[in-house]
There are 2 protein chains.
Amino acid sequence: MVKENPPVKIPRIGQSVQGSQTGQPIMVLFDLIGRRWSMGILWNLSSQNRTFRDLQTRCGSASPTVLNTRLKELRAVGLVEKTDTGYGLTGSGRELFEVLEPLGDWAMEWAKDL
Amino acid sequence: MVKENPPVKIPRIGQSVQGSQTGQPIMVLFDLIGRRWSMGILWNLSSQNRTFRDLQTRCGSASPTVLNTRLKELRAVGLVEKTDTGYGLTGSGRELFEVLEPLGDWAMEWAKDL
DNA sequence: CTCGTTGCTACATAAATAGTAGCGGTGCGT
DNA sequence: ACGCACCGCTACTATTTATGTAGCAACGAG
């Protein structure tokens with residue numbers, strides 16, 4: 001059985017960008033997915049659903065504390081969901097991943113020159 | 001005149017991903033640009049070169065401490081450079097931005113439903 | 001029942017970031 | 001020469017966030 005999500009407070013979301021007019025949504029997104037392990041989580045969930053501990057080892061042994069925090073946040077904004085087979089991407093989560101995907105190829109090229 | 005970059009140590013880069021086989025370069029990249037304000041900096045430098053203080057206000061008044069740290073890091077990996085007209089993207093920096101750019105449009109759509 | 005695994009929480013420590021103040025440099029008007 | 005306003009940035013402390021380890025309750029298999 002899958003537990004339902006009680007309200008989750010995401011610290012300082014949206015507040016960090018008060019001053020800037022330029023592209024507010026993107027800055028909010030950056031603030032969200034620019035936290036430690038956020039993108040790694042999305043990336044690792046893209047191919048298949050994963051259990052908590054599976055995710056943990058795949059994310060360079062991120063501490064369970066952060067991992068759980070990130071998962072709560074990502075679920076709060078509807079990018080990740082809890083399923084019977086572990087955590088997985090939602091519809092918009094998958095959308096976001098598709099936008100993010102080309103980064104993989106670029107990173108491969110980029111890694112060649114330090 | 002533009003000062004040259006002395007060697008910069010980027011904390012824990014690459015080390016956080018020891019355990020994961022899957023796509024190491026992308027995880028290194030995530031670890032780098034997934035730090036606070038990194039992507040915001042790249043984003044704000046994409047349209048034009050900017051001064052330190054200009055960047056600072058555009059990044060939700062990020063503290064000069066972090067901002068300078070991020071700039072050092074991004075320069076160390078050759079994504080950002082110091083020019084006569086302030087900070088700007090290098091060739092690969094611009095490449096990365098182009099990969100990152102679609103996020104802007106997606107974020108606009110995404111922002112509509114919380 | 002035991003054994004192993006899973007999803008977490010608790011807690012203390014370490015690291016990253018915020019938030020302010022202020023220094024030296026540069027240019028500009030007087 | 002002077003003040004004045006900006007600039008890039010460093011120093012320092014306070015707060016937030018992440019790490020690292022231990023461990024608990026729940027489950028399934030044997």
# chains A, B, ... in the order shown; residues from 1 in each chain; ligands from 1
call {"tool": "select_by_dssp", "arguments": {"residues": "chain B", "states": "strand (DSSP E or B)", "output": "list in words"}}
result
Arg50, Val80, Glu81, Lys82, Thr83, Gly86, Tyr87, Gly88 and Leu89 of chain B
call {"tool": "residues_around", "arguments": {"residues": "DG27 (chain C)", "least_positions_apart": "2", "cutoff": "10 Å", "atoms": "only C-alpha atoms (C1' of nucleotides)", "output": "list in words"}}
result
DG25 and DG29 of chain C; DA5 and DC6 of chain D
call {"tool": "interface_residues", "arguments": {"of": "chain A", "to": "chain C", "cutoff": "8 Å", "atoms": "only C-alpha atoms (C1' of nucleotides)", "output": "mmCIF file with N, CA and C atoms, in the first residue's frame"}}
result
data_model
loop_
_atom_site.group_PDB
_atom_site.id
_atom_site.type_symbol
_atom_site.label_atom_id
_atom_site.label_comp_id
_atom_site.auth_asym_id
_atom_site.auth_seq_id
_atom_site.Cartn_x
_atom_site.Cartn_y
_atom_site.Cartn_z
ATOM 1 N N PHE A 52 13.712 3.088 -2.404
ATOM 2 C CA PHE A 52 14.454 4.088 -1.646
ATOM 3 C C PHE A 52 15.932 3.750 -1.578
ATOM 4 N N ARG A 53 16.213 2.548 -1.154
ATOM 5 C CA ARG A 53 17.617 2.166 -0.972
ATOM 6 C C ARG A 53 18.354 2.019 -2.291
ATOM 7 N N PRO A 64 20.249 9.178 3.809
ATOM 8 C CA PRO A 64 18.800 8.970 3.736
ATOM 9 C C PRO A 64 18.023 10.222 4.094
#
call {"tool": "atom_distance", "arguments": {"atom1": "CA of Leu114 (chain B)", "atom2": "CA of Asn49 (chain A)"}}
result
24.1 Å
call {"tool": "interface_residues", "arguments": {"of": "chain D", "to": "chain A", "cutoff": "8 Å", "atoms": "only C-alpha atoms (C1' of nucleotides)", "output": "list in words"}}
result
DA18, DT19 and DG20 of chain D
call {"tool": "interface_residues", "arguments": {"of": "chain A", "to": "chain B", "cutoff": "7 Å", "atoms": "only C-alpha atoms", "output": "list in words"}}
result
Ser16, Val17, Gln18, Gly19, Ser20, Pro25, Ile26, Met27, Leu29, Phe30, Gly34, Arg35, Arg36, Met39, Gly40, Thr57, Arg58, Cys59, Gly60, Val99, Pro102, Leu103, Gly104, Ala107, Met108 and Ala111 of chain A
call {"tool": "atom_distance", "arguments": {"atom1": "CA of Gln48 (chain A)", "atom2": "CA of Thr90 (chain A)"}}
result
11.6 Å
call {"tool": "select_by_dssp", "arguments": {"residues": "region 1-98 of chain A", "states": "helix (DSSP H, G or I)", "output": "count of residues only"}}
result
51
call {"tool": "closest_residue", "arguments": {"among": "B:Glu81, B:Arg50, B:Leu74, B:Gln56", "to": "Ile10 (chain B)", "atoms": "only C-alpha atoms"}}
result
B:Leu74
call {"tool": "atom_distance", "arguments": {"atom1": "CA of Lys9 (chain B)", "atom2": "CA of Gly88 (chain B)"}}
result
20.8 Å
